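A.B. asks: Right, I'll just put the structure down here and ask away after.
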Amino acid sequence: MEGYKFSALKFERTILVPYFPAFVERYHQWMQDPDILRLTASEPLTLEEEFEMQKSWMEDERKLTFIILNDPQSQGPVQKLKEYMIGDVNLFLQEEGIGELEVMIAESAHRGQGHARAAVSLMQAFAASQLRQLQSFMVKIGRANVPSLRLFNSMGFAECGGSDVFDETWLSIGTEQTKRRLEHENFFAAAYIAQVTESAGIVHPWKRLPMDGANI
């Protein structure tokens with residue numbers, strides 16, 4: 001998905017940018033936290049393995065990975081945006097048009113401020129415009145992760161299964177139902193898109209993120 005590699009998305013104070021190599025060291029630091037590893041069902045990697053993972057994610061045509069920034073004030077190369085990193089949001093396109101979502105706000109000081117909801121909504125709007133085969137979104141959440149379950153329930157996701165082995169609840173929502181929610185919340189009035197490159201950073205001006213994906 002070439003368009004993804006050069007797209008920055010914005011909703012109010014939440015900005016998404018592709019997972020560039022400049023972000024890997026900070027991301028690696030997050031993934032040494034035992035609580036984050038537990039909540040994301042992840043295994044710790046070496047820094048070298050983290051760089052390899054970043055490269056594979058950027059090249060994988062089935063995956064979208066964005067770093068979440070908290071309202072960066074600085075301009076210039078992506079390197080200058082590292083201090084504003086607070087988490088990430090991912091989508092993995094599975095068979096039958098299912099997009100599996102994951103979101104993490106790694107910086108505890110920024111949890112509970114609406115960043116996760118904004119990041120997921122931006123990802124849903126963007127993915128639906130880029131992936132014509134996308135029919136629904138799905139999340140797999142640990143049953144003990146009450147804040148995440150509440151978040152996705154509030155966004156219209158409904159339980160569709162689970163796993164006793166992994167102690168997970170699965171939730172899903174269709175793309176058309178998602179679009180209706182975003183329109184009902186007037187989301188597109190404050191959702192924007194801009195170009196971004198690793199050398200130049202976010203290239204202004206921001207343009208309105210269209211509801212139908214036209215001109216993205």
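The way I read the labels, and the way they are meant: chains A, B, ... in the order of the structure tokens, residue 1 as the first residue of every chain, and ligand 1 as the first ligand shown, with later ones counted on from there.
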What's the 7 Å shell around region 12-29 of chain A, counting only C-alpha atoms, without same-chain residues fewer than 2 positions away, as a ChimeraX atom specification?

C.D. replies: /A:5,7-10,31-32,47,50-51,54,65-71,78-79,82,115,118-119,190,198

A.B. asks: Tell me which protein, DNA and RNA residues are within 9 Å of Gly201 (chain A), counting only C-alpha atoms, leaving out same-chain ones fewer than 6 positions away, and put them as an MDAnalysis selection string.

C.D. replies: chainID A and resid 75:81 195

A.B. asks: Quick one: residues within 9 Å of Arg181 (chain A), only C-alpha atoms counted, chain neighbours fewer than 6 positions away excluded, as a VMD selection string?

C.D. replies: chain A and resid 155 to 156 187

A.B. asks: Leaving out region 171-175 of chain A and any residue of its chain fewer than 3 positions from it, which residues lie within 6 Å of it when counting only C-alpha atoms, given as a list in words?

C.D. replies: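 That gives Gln135, Ser136, Phe137, Met138, Val139, Phe157, Ala158, Glu159, Cys160 and Thr178 of chain A.
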
A.B. asks: Mind giving me the straight-line distance from CA of Val120 (chain A) to CA of Asp88 (chain A) in Å, one decimal?

C.D. replies: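 Here the two named atoms are 9.8 Å from each other.
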
A.B. asks: Given the choices A:Leu37, A:Pro147, A:Met85, A:Leu91, which gets closest to Trp57 (chain A) if the distance is worked out from only C-alpha atoms?

C.D. replies: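 Selected residue with least distance to Trp57 (chain A): A:Leu91.
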
A.B. asks: What is the distance between CA of Val89 (chain A) and CA of Met104 (chain A), in Å to one decimal?

C.D. replies: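 Going from CA of Val89 (chain A) over to CA of Met104 (chain A) covers 6.4 Å.
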
A.B. asks: From region 25-94 of chain A, collect each residue whose DSSP state is alpha helix (DSSP H) and return the set as a VMD selection string.

C.D. replies: chain A and resid 25 to 30 34 to 39 47 to 59

A.B. asks: Generate a file of the selected residues that holds C-alpha atoms, formatted as a PDB file, in the first residue's frame.

C.D. replies:
ATOM      1  CA  GLU A  25      14.526   2.706  19.371  1.00  0.00           C
ATOM      2  CA  ARG A  26      11.731   4.385  21.316  1.00  0.00           C
ATOM      3  CA  TYR A  27       9.324   1.613  20.348  1.00  0.00           C
ATOM      4  CA  HIS A  28      11.883  -0.953  21.498  1.00  0.00           C
ATOM      5  CA  GLN A  29      12.054   0.763  24.891  1.00  0.00           C
ATOM      6  CA  TRP A  30       8.286   0.472  25.257  1.00  0.00           C
ATOM      7  CA  PRO A  34       6.424  -6.279  31.312  1.00  0.00           C
ATOM      8  CA  ASP A  35       2.923  -4.772  31.571  1.00  0.00           C
ATOM      9  CA  ILE A  36       2.920  -3.718  27.908  1.00  0.00           C
ATOM     10  CA  LEU A  37       4.202  -7.135  26.857  1.00  0.00           C
ATOM     11  CA  ARG A  38       1.415  -8.777  28.857  1.00  0.00           C
ATOM     12  CA  LEU A  39      -1.363  -6.533  27.554  1.00  0.00           C
ATOM     13  CA  LEU A  47      16.896  -3.955  19.011  1.00  0.00           C
ATOM     14  CA  GLU A  48      18.189  -5.617  15.850  1.00  0.00           C
ATOM     15  CA  GLU A  49      15.085  -7.810  15.680  1.00  0.00           C
ATOM     16  CA  GLU A  50      12.922  -4.716  16.204  1.00  0.00           C
ATOM     17  CA  PHE A  51      14.515  -3.025  13.176  1.00  0.00           C
ATOM     18  CA  GLU A  52      13.899  -6.165  11.110  1.00  0.00           C
ATOM     19  CA  MET A  53      10.277  -6.226  12.276  1.00  0.00           C
ATOM     20  CA  GLN A  54       9.802  -2.555  11.329  1.00  0.00           C
ATOM     21  CA  LYS A  55      11.135  -3.223   7.845  1.00  0.00           C
ATOM     22  CA  SER A  56       8.864  -6.248   7.360  1.00  0.00           C
ATOM     23  CA  TRP A  57       5.805  -4.314   8.556  1.00  0.00           C
ATOM     24  CA  MET A  58       6.469  -1.452   6.144  1.00  0.00           C
ATOM     25  CA  GLU A  59       6.879  -3.883   3.241  1.00  0.00           C
TER      26      GLU A  59
END

A.B. asks: Can you tell me how far CA of Phe188 (chain A) sits from CA of Phe11 (chain A), in Å to one decimal?

C.D. replies: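 Here the two named atoms are 8.7 Å from each other.
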
A.B. asks: Closest to Gln94 (chain A) among A:Glu61, A:Glu183, A:Asp167, A:Asp33, using only C-alpha atoms?

C.D. replies: A:Glu61

A.B. asks: How would you write, as an MDAnalysis selection string, the set of residues in region 101-209 of chain A that DSSP gives as strand (DSSP E or B)?

C.D. replies: chainID A and resid 101:105 136:142 158:163 168:174 191:197 201:208
